[in-house]
Amino acid sequence: MLQAGEWAYTEKLKEHFMSPKNILQGDNTDDFDGVGMEGNLQCGDQMLVAIKVDKEKEVITDCKWKTYGCASAIASTSILSEMVKGMTLDQAFHVSPKDVAKELGGLPDHKIHCSVLGDKALRAAINNFYSRNGMDDKVKEEQAKIVCQCMNITDHDIEDAVLEGARTYYELQERTKLGTVCGQCKDEAEMLLEKFKHIHFGA
Amino acid sequence: MQVYFDNNATTPLHPEVKKELIAGMEMFGNPSSMHGFGREARANVEDSRRKVADFIGAHEHELVFVGSGSEANNTVLSLFVCGTSQCIPGTRMRSTIITTKIEHPCVLETSECLAHRGANVKFLDVDRYGKVDLDQLESMLGDDVGLVSVMMANNEIGTLQDIETITKMVHERGAYMHTDAVQAVGKVPVDVRKLGVDFLTMSAHKIYGPKGIGALFVRKGIPYCPLIRGGHQERGRRAGTENTLGILGLGKAVEMRSIEMAAEEKRLLELKGILKRGIEEKIDDIHFNGHPEDSLSGTLNVSFAGAEGEAILLYLDLEGIAVSTGSACASGSLDPSHVLLATGVDAETAHGSIRISMGRESTLEEVEYLLEVLPKTIQRIRDMSTAYIKGGCHVAGR
């Protein structure tokens with residue numbers, strides 16, 4: 001019974017949620033040049049992105065997607081699929097969740113993690129295009145780097161914790177158990193915490 | 001069309017309750033004052049107390065008005081961890097508390113907190129319908145158990161527990177029994193003597209009364225210690241000036257329930273039957289959560305393969321239909337409903353669930369409208385889903 005003015009999300013998000021753009025019809029992705037899938041159903045969200053590429057110019061000519069996800073996942077991927085058409089692969093690879101959230105006119109903090117799946121799947125699709133076309137050198141694997149040696153916590157784990165709501169070092173420790181043994185990683189972890197807060201929340 | 005199918009979250013005021021509240025706003029006296037203003041308020045408070053006590057078969061002295069069901073549950077659980085030697089319940093040396101995996105967060109989180117404070121807390125499993133495992137309870141009931149707390153009706157799936165049987169088992173082993181009956185009182189007959197419980201929690205806003213008022217039944221002679229101290233109100237069991245208006249509303253709410261409940265629940269059960277059959281006929285790959293019979297009349301919880309719950313909720317909201325979901329996405333956490341997971345469904349089934357909870361204002365027309373909108377909504381979501389293959393989808397149970 002939310003009225004327009006009280007909708008928990010922005011008008012733009014609502015618009016893309018109500019009429020999502022570029023949904024992949026059916027399951028066949030044979031016509032596409034790159035396909036990426038991210039997320040898993042256990043966590044409640046999964047995203048598939050398929051792109052067509054002008055191979056000469058390395059420009060994305062079409063972007064379709066499908067998701068098992070919530071309203072923010074649907075809307076943010078809808079808008080992402082519009083944004084990346086006409087972009088070079090390199091440009092598209094560097095679209096961040098923050099860019100998407102900005103385009104949507106902002107997302108509630110606890111919804112940011114729902115929106116990151118679209119660009120993750122897009123990067124997977126771009127990498128998939130590179131490896132299909134013998135350009136393995138261009139594939140940019142997102143290598144995780146271990147920050148806390150004692151508890152085996154990576155920078156990706158820290159990013160996830162920030163997306164899930166950790167804002168302080170203490171909250172980060174609560175979620176990841178990072179730095180609870182020798183504590184030597186505290187400085188680096190705090191730096192990464194600030195970095196990911198800035199990347200995702202502009203804080 | 002605006003349809004409110006979220007009555008387990010809260011209910012609209014009964015028109016009679018609303019009238020009572022409006023009239024009651026003229027009454028401002030403090031029930032503890034000796035003058036005429038105070039005496040008027042006191043008379044009203046005690047009148048309500050009698051109504052509520054009568055409604056659940058209690059003596060009026062056994063009823064403590066509190067600010068919410070959550071407060072009542074916190075109060076009861078907190079009785080059993082007090083370490084001071086002056087504390088009667090705390091000195092019983094029975095430091096184990098048994099509860100279930102499907103309780104409301106106000107019981108679960110308080111239990112976890114008590115565990116940090118030295119209590120030994122055990123959580124009972126439930127079967128696939130949400131019924132407590134009685135064999136497991138029997139095996140857990142030792143001389144160390146001080147309290148067993150089992151909710152009477154589950155808020156998410158509606159499953160009813162056999163509190164009478166559980167209480168007998170608990171009393172045989174010398175422990176105290178509490179039931180969180182917030183979703184049960186006013187929907188199914190509740191008689192504290194028949195149930196035999198020592199503590200029972202109830203709330204007004206689930207039964208067409210106002211928010212911010214609940215009641216805790218404490219059987220006469222049971223050790224008790226207030227959670228909120230500093231006043232003689234409620235016979236020293238809950239400090240703070242009485243919420244006179246709320247108490248008035250709760251009294252009227254149960255009075256109306258005693259008149260309307262039986263016929264109303266029968267009607268809701270019929271509506272639920274229509275809704276359930278309609279969903280079964282019109283939508284494939286679904287799974288009903290909760291017990292098929294021993295369940296609240298107005299509550300239906302259903303999972304749709306390949307469709308995420310928050311998306312269902314918001315698409316229905318756009319059509320004017322209000323339901324709730326067990327999906328993590330709607331709750332702000334990342335975990336789907338602990339209740340559904342406890343019944344053994346997988347995370348995907350839990351994420352893809354919605355709870356439809358009808359109430360006294362729900363109509364056949366509204367059910368038909370939902371049955372018209374829901375299949376289209378599910379189809380729309382499944383069309384864009386990575387996780388739906390017709391007939392081949394993994395959905396729990398059946």
# chains A, B, ... in the order shown; residues from 1 in each chain; ligands from 1

$ interface_residues --of "chain A" --to "chain B" --cutoff "7 Å" --atoms "only C-alpha atoms" --output "list in words"
Met1, Ile23, Leu41, Gln42, Gly44, Gln46, Met47, Leu48, Lys66, Thr67, Tyr68, Gly69, Cys70, Ala71 and His110 of chain A

$ write_last_selection --atoms "C-alpha atoms" --output "PDB file, in the first residue's frame"
ATOM      1  CA  MET A   1       0.000   0.000   0.000  1.00  0.00           C
ATOM      2  CA  ILE A  23      15.381  -9.268 -20.347  1.00  0.00           C
ATOM      3  CA  LEU A  41      20.377 -19.448  -5.076  1.00  0.00           C
ATOM      4  CA  GLN A  42      21.328 -20.247  -1.506  1.00  0.00           C
ATOM      5  CA  GLY A  44      18.831 -15.646  -2.665  1.00  0.00           C
ATOM      6  CA  GLN A  46      21.661 -15.135  -9.080  1.00  0.00           C
ATOM      7  CA  MET A  47      22.398 -13.137 -12.207  1.00  0.00           C
ATOM      8  CA  LEU A  48      23.061 -14.000 -15.828  1.00  0.00           C
ATOM      9  CA  LYS A  66      18.038 -12.706 -16.338  1.00  0.00           C
ATOM     10  CA  THR A  67      17.942 -12.862 -12.579  1.00  0.00           C
ATOM     11  CA  TYR A  68      16.645 -14.638  -9.556  1.00  0.00           C
ATOM     12  CA  GLY A  69      16.672 -11.598  -7.356  1.00  0.00           C
ATOM     13  CA  CYS A  70      14.854  -8.852  -5.553  1.00  0.00           C
ATOM     14  CA  ALA A  71      13.585  -5.493  -6.782  1.00  0.00           C
ATOM     15  CA  HIS A 110      21.103  -2.478   2.882  1.00  0.00           C
TER      16      HIS A 110
END

$ residues_around --residues "Thr168 (chain A)" --least-positions-apart "2" --cutoff "9 Å" --atoms "only C-alpha atoms" --output "PDB file with C-alpha atoms, in the first residue's frame"
ATOM      1  CA  VAL A 162      31.078  -3.893   4.047  1.00  0.00           C
ATOM      2  CA  ALA A 166      29.956  -3.594   8.456  1.00  0.00           C
ATOM      3  CA  TYR A 170      34.672  -3.977  15.270  1.00  0.00           C
ATOM      4  CA  GLU A 171      31.714  -4.832  13.010  1.00  0.00           C
ATOM      5  CA  LEU A 172      34.134  -6.137  10.414  1.00  0.00           C
ATOM      6  CA  GLN A 173      35.643  -8.405  13.059  1.00  0.00           C
ATOM      7  CA  GLU A 190      41.079  -0.677   8.349  1.00  0.00           C
ATOM      8  CA  LEU A 193      37.358  -1.010   5.138  1.00  0.00           C
ATOM      9  CA  GLU A 194      37.577   2.731   4.415  1.00  0.00           C
TER      10      GLU A 194
END

$ residues_around --residues "Glu156 (chain B)" --least-positions-apart "5" --cutoff "12 Å" --atoms "only C-alpha atoms" --output "ChimeraX atom specification"
/B:6-9,102-105,129-130,151,183,288-291,295-296,298-302,323-327,336-343,350,353-357

$ select_by_dssp --residues "chain A" --states "strand (DSSP E)" --output "number ranges by chain"
A: 34-40, 45-54, 59-68, 146-148, 153-154

$ residues_around --residues "region 140-154 of chain A" --least-positions-apart "3" --cutoff "9 Å" --atoms "only C-alpha atoms" --output "PyMOL selection string"
chain A and resi 123-124+127+136-137+157-159+176-186+188-189

$ write_last_selection --atoms "N, CA and C atoms" --output "compact mmCIF listing (two decimals), in the first residue's frame"
# COMPACT_ATOMS: atom_id res chain seq x y z
N ARG A 123 31.07 -8.33 -15.88
CA ARG A 123 32.52 -8.54 -16.00
C ARG A 123 32.81 -9.99 -16.38
N ALA A 124 32.03 -10.90 -15.82
CA ALA A 124 32.22 -12.32 -16.17
C ALA A 124 31.91 -12.53 -17.65
N ASN A 127 34.86 -11.13 -19.68
CA ASN A 127 35.97 -12.08 -19.63
C ASN A 127 35.70 -13.29 -20.51
N ASP A 136 43.04 -14.29 -24.04
CA ASP A 136 43.16 -14.64 -22.62
C ASP A 136 43.98 -13.63 -21.83
N ASP A 137 44.88 -12.96 -22.54
CA ASP A 137 45.71 -11.97 -21.86
C ASP A 137 44.88 -10.82 -21.31
N ASP A 157 36.45 -10.80 1.07
CA ASP A 157 35.63 -11.03 2.27
C ASP A 157 35.33 -9.70 2.96
N ILE A 158 36.33 -8.83 2.98
CA ILE A 158 36.15 -7.51 3.62
C ILE A 158 35.12 -6.71 2.82
N GLU A 159 35.23 -6.78 1.49
CA GLU A 159 34.27 -6.05 0.65
C GLU A 159 32.85 -6.56 0.90
N THR A 176 33.67 -11.24 10.15
CA THR A 176 34.68 -12.06 9.46
C THR A 176 35.62 -12.79 10.42
N LYS A 177 35.66 -12.37 11.68
CA LYS A 177 36.61 -12.89 12.68
C LYS A 177 38.05 -12.47 12.34
N LEU A 178 38.16 -11.53 11.42
CA LEU A 178 39.46 -11.03 10.99
C LEU A 178 40.18 -10.37 12.17
N GLY A 179 41.52 -10.55 12.21
CA GLY A 179 42.31 -9.88 13.23
C GLY A 179 42.02 -10.32 14.65
N THR A 180 41.44 -11.50 14.80
CA THR A 180 41.10 -11.94 16.17
C THR A 180 42.17 -12.84 16.76
N VAL A 181 43.22 -13.13 15.97
CA VAL A 181 44.29 -13.97 16.52
C VAL A 181 45.54 -13.13 16.83
N CYS A 182 46.32 -12.82 15.80
CA CYS A 182 47.54 -12.04 16.10
C CYS A 182 47.31 -10.53 15.99
N GLY A 183 46.32 -10.16 15.19
CA GLY A 183 45.99 -8.74 15.09
C GLY A 183 46.90 -7.91 14.22
N GLN A 184 47.86 -8.55 13.53
CA GLN A 184 48.81 -7.79 12.72
C GLN A 184 48.21 -7.12 11.49
N CYS A 185 47.04 -7.63 11.06
CA CYS A 185 46.45 -7.13 9.81
C CYS A 185 45.57 -5.90 10.04
N LYS A 186 45.47 -5.44 11.28
CA LYS A 186 44.52 -4.38 11.63
C LYS A 186 44.63 -3.16 10.72
N GLU A 188 45.97 -2.71 7.68
CA GLU A 188 45.58 -2.96 6.29
C GLU A 188 44.06 -3.16 6.19
N ALA A 189 43.50 -3.88 7.15
CA ALA A 189 42.06 -4.13 7.13
C ALA A 189 41.28 -2.83 7.27

$ atom_distance --atom1 "CA of His287 (chain B)" --atom2 "CA of Val116 (chain A)"
29.7 Å

$ atom_distance --atom1 "CA of Gly105 (chain A)" --atom2 "CA of Leu13 (chain A)"
7.6 Å

$ select_by_dssp --residues "region 187-264 of chain B" --states "helix (DSSP H, G or I)" --output "mmCIF file with N, CA and C atoms, in the first residue's frame"
data_model
loop_
_atom_site.group_PDB
_atom_site.id
_atom_site.type_symbol
_atom_site.label_atom_id
_atom_site.label_comp_id
_atom_site.auth_asym_id
_atom_site.auth_seq_id
_atom_site.Cartn_x
_atom_site.Cartn_y
_atom_site.Cartn_z
ATOM 1 N N VAL B 192 -5.886 -20.649 29.965
ATOM 2 C CA VAL B 192 -4.617 -20.923 30.647
ATOM 3 C C VAL B 192 -4.712 -22.109 31.619
ATOM 4 N N ARG B 193 -5.899 -22.339 32.160
ATOM 5 C CA ARG B 193 -6.046 -23.481 33.086
ATOM 6 C C ARG B 193 -5.982 -24.796 32.313
ATOM 7 N N LYS B 194 -6.660 -24.805 31.165
ATOM 8 C CA LYS B 194 -6.660 -26.022 30.347
ATOM 9 C C LYS B 194 -5.240 -26.293 29.825
ATOM 10 N N LEU B 195 -4.594 -25.238 29.376
ATOM 11 C CA LEU B 195 -3.230 -25.400 28.860
ATOM 12 C C LEU B 195 -2.259 -25.760 29.978
ATOM 13 N N GLN B 233 3.235 -0.114 40.232
ATOM 14 C CA GLN B 233 2.171 -0.442 39.296
ATOM 15 C C GLN B 233 2.135 -1.946 39.003
ATOM 16 N N GLU B 234 0.983 -2.402 38.564
ATOM 17 C CA GLU B 234 0.810 -3.826 38.238
ATOM 18 C C GLU B 234 1.268 -4.709 39.405
ATOM 19 N N ARG B 235 0.893 -4.306 40.600
ATOM 20 C CA ARG B 235 1.239 -5.028 41.826
ATOM 21 C C ARG B 235 2.745 -5.269 41.917
ATOM 22 N N GLY B 236 3.486 -4.253 41.526
ATOM 23 C CA GLY B 236 4.940 -4.308 41.619
ATOM 24 C C GLY B 236 5.608 -5.146 40.544
ATOM 25 N N THR B 244 -3.125 3.658 29.985
ATOM 26 C CA THR B 244 -4.581 3.500 30.215
ATOM 27 C C THR B 244 -5.355 3.328 28.913
ATOM 28 N N LEU B 245 -4.999 4.122 27.925
ATOM 29 C CA LEU B 245 -5.724 4.056 26.664
ATOM 30 C C LEU B 245 -5.494 2.700 25.980
ATOM 31 N N GLY B 246 -4.257 2.262 26.006
ATOM 32 C CA GLY B 246 -3.930 0.960 25.422
ATOM 33 C C GLY B 246 -4.670 -0.161 26.134
ATOM 34 N N ILE B 247 -4.675 -0.086 27.455
ATOM 35 C CA ILE B 247 -5.340 -1.119 28.259
ATOM 36 C C ILE B 247 -6.843 -1.151 27.943
ATOM 37 N N LEU B 248 -7.404 0.040 27.794
ATOM 38 C CA LEU B 248 -8.812 0.144 27.429
ATOM 39 C C LEU B 248 -9.056 -0.541 26.075
ATOM 40 N N GLY B 249 -8.148 -0.275 25.143
ATOM 41 C CA GLY B 249 -8.260 -0.849 23.804
ATOM 42 C C GLY B 249 -8.110 -2.363 23.807
ATOM 43 N N LEU B 250 -7.166 -2.866 24.611
ATOM 44 C CA LEU B 250 -6.981 -4.315 24.702
ATOM 45 C C LEU B 250 -8.241 -4.973 25.270
ATOM 46 N N GLY B 251 -8.802 -4.343 26.305
ATOM 47 C CA GLY B 251 -10.021 -4.881 26.918
ATOM 48 C C GLY B 251 -11.152 -4.981 25.903
ATOM 49 N N LYS B 252 -11.310 -3.900 25.131
ATOM 50 C CA LYS B 252 -12.384 -3.894 24.138
ATOM 51 C C LYS B 252 -12.085 -4.910 23.030
ATOM 52 N N ALA B 253 -10.822 -5.012 22.658
ATOM 53 C CA ALA B 253 -10.448 -5.940 21.579
ATOM 54 C C ALA B 253 -10.807 -7.376 21.948
ATOM 55 N N VAL B 254 -10.489 -7.792 23.175
ATOM 56 C CA VAL B 254 -10.817 -9.173 23.555
ATOM 57 C C VAL B 254 -12.327 -9.348 23.728
ATOM 58 N N GLU B 255 -12.987 -8.289 24.172
ATOM 59 C CA GLU B 255 -14.444 -8.367 24.301
ATOM 60 C C GLU B 255 -15.067 -8.647 22.923
ATOM 61 N N MET B 256 -14.591 -7.929 21.907
ATOM 62 C CA MET B 256 -15.106 -8.134 20.549
ATOM 63 C C MET B 256 -14.723 -9.508 20.015
ATOM 64 N N ARG B 257 -13.509 -9.933 20.355
ATOM 65 C CA ARG B 257 -13.082 -11.268 19.923
ATOM 66 C C ARG B 257 -13.982 -12.355 20.507
ATOM 67 N N SER B 258 -14.346 -12.181 21.778
ATOM 68 C CA SER B 258 -15.161 -13.225 22.407
ATOM 69 C C SER B 258 -16.519 -13.338 21.715
ATOM 70 N N ILE B 259 -16.967 -12.237 21.123
ATOM 71 C CA ILE B 259 -18.238 -12.277 20.397
ATOM 72 C C ILE B 259 -18.040 -12.832 18.985
ATOM 73 N N GLU B 260 -16.977 -12.392 18.315
ATOM 74 C CA GLU B 260 -16.841 -12.658 16.878
ATOM 75 C C GLU B 260 -15.939 -13.820 16.495
ATOM 76 N N MET B 261 -15.053 -14.207 17.390
ATOM 77 C CA MET B 261 -13.971 -15.117 17.009
ATOM 78 C C MET B 261 -14.432 -16.406 16.332
ATOM 79 N N ALA B 262 -15.348 -17.107 16.949
ATOM 80 C CA ALA B 262 -15.698 -18.444 16.455
ATOM 81 C C ALA B 262 -16.191 -18.396 15.010
ATOM 82 N N ALA B 263 -17.159 -17.518 14.747
ATOM 83 C CA ALA B 263 -17.713 -17.431 13.392
ATOM 84 C C ALA B 263 -16.671 -16.915 12.409
ATOM 85 N N GLU B 264 -15.887 -15.954 12.889
ATOM 86 C CA GLU B 264 -14.878 -15.321 12.046
ATOM 87 C C GLU B 264 -13.808 -16.317 11.595
#

$ closest_residue --among "B:Leu216, B:Met358, B:Ile279, B:Ala181" --to "Lys376 (chain B)" --atoms "only C-alpha atoms"
B:Ile279

$ atom_distance --atom1 "CA of Met37 (chain A)" --atom2 "CA of Lys64 (chain A)"
12.0 Å

$ residues_around --residues "Tyr9 (chain A)" --least-positions-apart "5" --cutoff "8 Å" --atoms "only C-alpha atoms" --output "list in words"
Lys14, Leu107 and Pro108 of chain A

$ write_last_selection --atoms "N, CA and C atoms" --output "tab-separated table (two decimals), in the first residue's frame"
chain	number	residue	atom	x	y	z
A	14	LYS	N	11.83	2.28	-9.37
A	14	LYS	CA	10.49	1.74	-9.50
A	14	LYS	C	10.13	1.52	-10.97
A	107	LEU	N	20.36	4.09	-3.69
A	107	LEU	CA	19.75	2.86	-3.17
A	107	LEU	C	19.87	2.89	-1.66
A	108	PRO	N	18.90	2.31	-0.94
A	108	PRO	CA	19.08	2.19	0.50
A	108	PRO	C	20.35	1.36	0.78
